[in-house]
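Engineer: Below you will find the structure I want to go over with you.
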Amino acid sequence: TFGAEIIGAVFLFFSFRQFYAAGEAVKMAVFHSVSAFCNAGFSLIDSSISIFAESPGAVIVFSTLIILGGIGFVVLLDIFNKLTEKKKRFKLHTRLAIGVTAALLLGGTLLFYVSEKNNTLKDMSSGNKWLNSFFLSVTSRTAGFNSVDTALLKPFSKFTAIGLMFVGASPGGTGGGVKTVTFAIILLIAVSHIRRRSELTVAGRTIPPFFEHRAVAIIVYAFIIIMAAGGILLYAENLPFEDIIFEVVSAFGTVGLSAGITAKLSDASKYTLIVVMFMGRLGPLTIALATMGHKQHLDISYASERVLLG
């Protein structure tokens, strides 16, 4: 962690040096490097990091720090062990986390580029359009920095960001959301049922039913939290639907991006978002287990009965 943040700060120093004196540039570089790696999204600049929108080096460093922090320490340790101990294969967790992360980043980049190339990115060169589309995809997954004004994004781009914010980072990482591996298991469950398989298998490994149930529970509780908070804000505020859902999902994923309506919200709506942030940071399943308490269950098997679904 410390090593990644120091290396990031060194690279960012040269970018900040273009705008600040040497001493101030050091402070800014260290602060933003730590903020990026921890997926905090805090910036000492009023316009976040939009001053670097057309500085490829800075955008790449920020993106790298955010991805490393969000991918999870378990994944980073597994990669380190494979490189140093010459392990034959990665853990299944690592493969799922990296696979989903790569898919979300690539898919998000393409969707943001198609939607924003003639909007918020219209004045940039072709290369910078792609780079900032990639950064939008990276930062939407719980980092919270922005190189363009997210309030000006098209509805389709906001919808894309909502999806990325909902999934978020990986388990054990510094970001929020329902997590990449949870999302992967949900997709695998769907595929497994389509193929009529009784067990959930992937890459030559079987995932125990406990983790299937846990993944479903996390998704369900997350939807309940978002729908409840979204309903409160929709009732209390006279603002566009997509902007309100954007704010709620951003709060749940502890992202920090805004559709530009936060200052317009009533106190009740702001308190609602604060509660959602706490719940998102702790995790929906943790909240549910804490509220239900510990109950002793008898090991009883009841008769099975079929129900209709779909």
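Labels for the structure tokens follow display order: chains A, B, ..., residues from 1 in each chain, ligands from 1.
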Counting only C-alpha atoms, give me one row per residue of region 158-244 of chain A with an atom at most 10 Å from an atom of region 54-75 of chain A, showing the shortest contact pair and its distance in Å to one decimal, sorted by chain then residue number, as CSV.
Structural biologist:
```
residue,atom,partner,partner_atom,distance
A:Gly168,CA,A:Gly70,CA,8.3
A:Ala169,CA,A:Gly70,CA,5.0
A:Ser170,CA,A:Ile71,CA,5.0
A:Pro171,CA,A:Gly72,CA,5.9
A:Gly172,CA,A:Gly72,CA,4.5
A:Gly173,CA,A:Gly72,CA,3.5
A:Thr174,CA,A:Gly70,CA,5.2
A:Gly175,CA,A:Gly70,CA,5.4
A:Gly176,CA,A:Gly70,CA,8.6
A:Lys179,CA,A:Gly70,CA,9.6
A:Thr180,CA,A:Ile71,CA,8.9
```
Engineer: Quick one: DSSP helix (DSSP H, G or I) residues in region 34-179 of chain A, as a PyMOL selection string?
Structural biologist: chain A and resi 34-37+50-52+56-71+73-85+92-116+126-139+150-152+155-167
Engineer: One decimal, Å: what's the distance from CA of Ser304 (chain A) over to CA of Ile185 (chain A), could you say?
Structural biologist: 25.1 Å
Engineer: At a cut-off of 12 Å, using only C-alpha atoms, what residues contact Phe159 (chain A)? Leave out same-chain residues fewer than 3 positions from it and give the result as JSON, numbers by chain.
Structural biologist: {"A": [108, 111, 112, 115, 140, 150, 153, 154, 155, 156, 162, 163, 164, 165, 166, 241, 242, 243, 244, 245, 246, 247, 249, 250, 259]}
Engineer: So what do you get for CA of Val191 (chain A) versus CA of Arg306 (chain A), distance-wise?
Structural biologist: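 Going from CA of Val191 (chain A) over to CA of Arg306 (chain A), I get 21.1 Å.
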Engineer: So, with only C-alpha atoms as the atoms that count, which of A:Leu121, A:Ala97, A:Val167, A:Leu200 lies closest to Ile79 (chain A)?
Structural biologist: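 Residue with the minimum atom-to-atom distance to Ile79 (chain A): A:Ala97.
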Engineer: What gap, in Å, lies between CA of Gly256 (chain A) and CA of Ile51 (chain A)?
Structural biologist: 18.3 Å
Engineer: From region 49-262 of chain A, collect each residue whose DSSP state is strand (DSSP E) and return the set as number ranges by chain.
Structural biologist: A: 200-202, 205-207
Engineer: Deliver the residues from the most recent selection as a file, using C-alpha atoms, as an mmCIF file, in the first residue's frame.
Structural biologist:
```cif
data_model
loop_
_atom_site.group_PDB
_atom_site.id
_atom_site.type_symbol
_atom_site.label_atom_id
_atom_site.label_comp_id
_atom_site.auth_asym_id
_atom_site.auth_seq_id
_atom_site.Cartn_x
_atom_site.Cartn_y
_atom_site.Cartn_z
ATOM 1 C CA LEU A 200 -22.111 -23.936 -9.703
ATOM 2 C CA THR A 201 -18.783 -24.641 -11.389
ATOM 3 C CA VAL A 202 -16.249 -22.336 -13.018
ATOM 4 C CA ARG A 205 -13.804 -25.361 -9.371
ATOM 5 C CA THR A 206 -17.156 -25.768 -7.583
ATOM 6 C CA ILE A 207 -18.529 -22.820 -5.614
#
```
